[in-house]
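> Structure supplied as data.pdb; contents: PDB, C-alpha atoms.
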MODEL        1
ATOM      1  CA  MET A   1     -46.771  37.957  14.891  1.00  0.00           C
ATOM      2  CA  SER A   2     -43.954  35.544  15.460  1.00  0.00           C
ATOM      3  CA  LYS A   3     -40.417  36.448  14.697  1.00  0.00           C
ATOM      4  CA  LYS A   4     -38.575  34.172  12.311  1.00  0.00           C
ATOM      5  CA  LYS A   5     -35.193  33.175  13.567  1.00  0.00           C
ATOM      6  CA  GLU A   6     -32.488  33.520  11.007  1.00  0.00           C
ATOM      7  CA  GLU A   7     -30.660  30.294  10.539  1.00  0.00           C
ATOM      8  CA  ILE A   8     -26.975  30.821  10.966  1.00  0.00           C
ATOM      9  CA  GLU A   9     -25.028  28.183   9.103  1.00  0.00           C
ATOM     10  CA  GLU A  10     -21.994  27.306  11.177  1.00  0.00           C
ATOM     11  CA  LYS A  11     -19.170  25.536   9.452  1.00  0.00           C
ATOM     12  CA  PRO A  12     -17.831  22.520  11.322  1.00  0.00           C
ATOM     13  CA  LYS A  13     -14.270  22.513  12.572  1.00  0.00           C
ATOM     14  CA  VAL A  14     -12.045  20.624  10.155  1.00  0.00           C
ATOM     15  CA  HIS A  15      -8.396  19.716   9.804  1.00  0.00           C
ATOM     16  CA  LYS A  16      -6.317  22.579   8.419  1.00  0.00           C
ATOM     17  CA  ASP A  17      -5.513  20.540   5.266  1.00  0.00           C
ATOM     18  CA  LEU A  18      -9.237  20.236   4.514  1.00  0.00           C
ATOM     19  CA  ASP A  19     -10.083  23.880   5.089  1.00  0.00           C
ATOM     20  CA  GLY A  20     -12.745  24.904   2.594  1.00  0.00           C
ATOM     21  CA  PHE A  21     -14.044  21.363   2.074  1.00  0.00           C
ATOM     22  CA  ASP A  22     -17.785  21.347   1.518  1.00  0.00           C
ATOM     23  CA  ILE A  23     -20.092  18.476   0.618  1.00  0.00           C
ATOM     24  CA  LYS A  24     -23.746  18.686  -0.367  1.00  0.00           C
ATOM     25  CA  ILE A  25     -26.402  16.445  -1.864  1.00  0.00           C
ATOM     26  CA  ASN A  26     -28.477  18.059  -4.598  1.00  0.00           C
ATOM     27  CA  THR A  27     -32.163  17.462  -5.336  1.00  0.00           C
ATOM     28  CA  PHE A  28     -31.287  14.538  -7.618  1.00  0.00           C
ATOM     29  CA  GLY A  29     -29.374  12.757  -4.844  1.00  0.00           C
ATOM     30  CA  GLU A  30     -25.986  13.489  -6.394  1.00  0.00           C
ATOM     31  CA  ILE A  31     -23.057  14.230  -4.101  1.00  0.00           C
ATOM     32  CA  GLN A  32     -21.313  17.514  -4.818  1.00  0.00           C
ATOM     33  CA  MET A  33     -17.939  18.200  -3.215  1.00  0.00           C
ATOM     34  CA  SER A  34     -15.665  21.198  -3.263  1.00  0.00           C
ATOM     35  CA  TYR A  35     -12.547  18.949  -3.343  1.00  0.00           C
ATOM     36  CA  ASP A  36     -11.483  16.322  -5.836  1.00  0.00           C
ATOM     37  CA  ILE A  37     -11.927  12.773  -4.537  1.00  0.00           C
ATOM     38  CA  GLU A  38      -8.232  12.039  -5.176  1.00  0.00           C
ATOM     39  CA  LYS A  39      -7.212  14.873  -2.850  1.00  0.00           C
ATOM     40  CA  ILE A  40      -9.508  13.487  -0.151  1.00  0.00           C
ATOM     41  CA  ASN A  41      -8.073   9.975  -0.608  1.00  0.00           C
ATOM     42  CA  GLN A  42      -4.519  11.306  -0.292  1.00  0.00           C
ATOM     43  CA  PHE A  43      -5.469  13.053   2.952  1.00  0.00           C
ATOM     44  CA  LEU A  44      -7.084   9.887   4.343  1.00  0.00           C
ATOM     45  CA  ASN A  45      -4.119   7.693   3.364  1.00  0.00           C
ATOM     46  CA  LYS A  46      -1.764  10.122   5.091  1.00  0.00           C
ATOM     47  CA  ASN A  47      -3.764  10.753   8.282  1.00  0.00           C
ATOM     48  CA  VAL A  48      -5.955   7.716   9.000  1.00  0.00           C
ATOM     49  CA  ASP A  49      -4.701   4.366  10.266  1.00  0.00           C
ATOM     50  CA  ASP A  50      -6.224   1.437   8.366  1.00  0.00           C
ATOM     51  CA  LYS A  51      -6.840  -1.335  10.909  1.00  0.00           C
ATOM     52  CA  LYS A  52      -6.984  -4.011   8.197  1.00  0.00           C
ATOM     53  CA  LEU A  53      -3.501  -3.175   6.937  1.00  0.00           C
ATOM     54  CA  ARG A  54      -1.874  -2.505  10.301  1.00  0.00           C
ATOM     55  CA  ASP A  55      -0.317  -5.969  10.800  1.00  0.00           C
ATOM     56  CA  ILE A  56       0.387  -6.792   7.157  1.00  0.00           C
ATOM     57  CA  ASP A  57       3.846  -6.300   5.699  1.00  0.00           C
ATOM     58  CA  LEU A  58       3.028  -5.210   2.150  1.00  0.00           C
ATOM     59  CA  GLU A  59       6.543  -5.831   0.838  1.00  0.00           C
ATOM     60  CA  LYS A  60       6.378  -9.480   1.886  1.00  0.00           C
ATOM     61  CA  GLN A  61       2.901  -9.850   0.379  1.00  0.00           C
ATOM     62  CA  MET A  62       4.096  -8.487  -2.962  1.00  0.00           C
ATOM     63  CA  ALA A  63       7.160 -10.770  -3.007  1.00  0.00           C
ATOM     64  CA  LYS A  64       5.178 -13.984  -2.466  1.00  0.00           C
ATOM     65  CA  PRO A  65       4.586 -15.952  -5.677  1.00  0.00           C
ATOM     66  CA  LYS A  66       0.947 -16.580  -6.501  1.00  0.00           C
ATOM     67  CA  LYS A  67      -0.272 -20.170  -6.335  1.00  0.00           C
ATOM     68  CA  LYS A  68      -1.503 -21.650  -9.593  1.00  0.00           C
ATOM     69  CA  LYS A  69      -4.545 -23.885  -9.560  1.00  0.00           C
TER
ENDMDL
END
Here is the file; what I need is its structure written in the form of structure tokens.

Amino acid sequence: MSKKKEEIEEKPKVHKDLDGFDIKINTFGEIQMSYDIEKINQFLNKNVDDKKLRDIDLEKQMAKPKKKK
């Protein structure tokens, strides 16, 4: 007889602000998360540098008048 190894589910190391975050995909292919998407977006906006917006001055972009065609 072969012994079945018990699968031990290790939780990955995460940032302290995302402690308890869990994401799964159910049998219908739907994504289920333990956190609200808005909370995740706030975390990403706060902690991740967006390369596309790095060199853009948003205040100047907002002040420019739009060209009419």
> Please provide as a list in words all residues within 12 Å of stretch 44-52 of chain A, with the sequence filter that same-chain residues fewer than 6 positions apart are discarded (counting all atoms listed in the file).
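In the requested format, the answer is His15, Asp17, Leu18, Ile37, Glu38 and Leu58 of chain A.
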> Any idea what the distance is between atom CA of A:Ile23 and atom CA of A:Leu53?
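Spanning atom CA of A:Ile23 to atom CA of A:Leu53 is a straight-line distance of 28.0 Å.
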> In Å, with one decimal, what is the gap from atom CA of A:Lys16 to atom CA of A:Phe43?
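Computing it gives 11.0 Å between the two atoms.
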> What does the structure give for the distance between atom CA of A:Asn41 and atom CA of A:Asp55, in Å to one decimal?
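Calculated distance between atom CA of A:Asn41 and atom CA of A:Asp55 is 21.1 Å.
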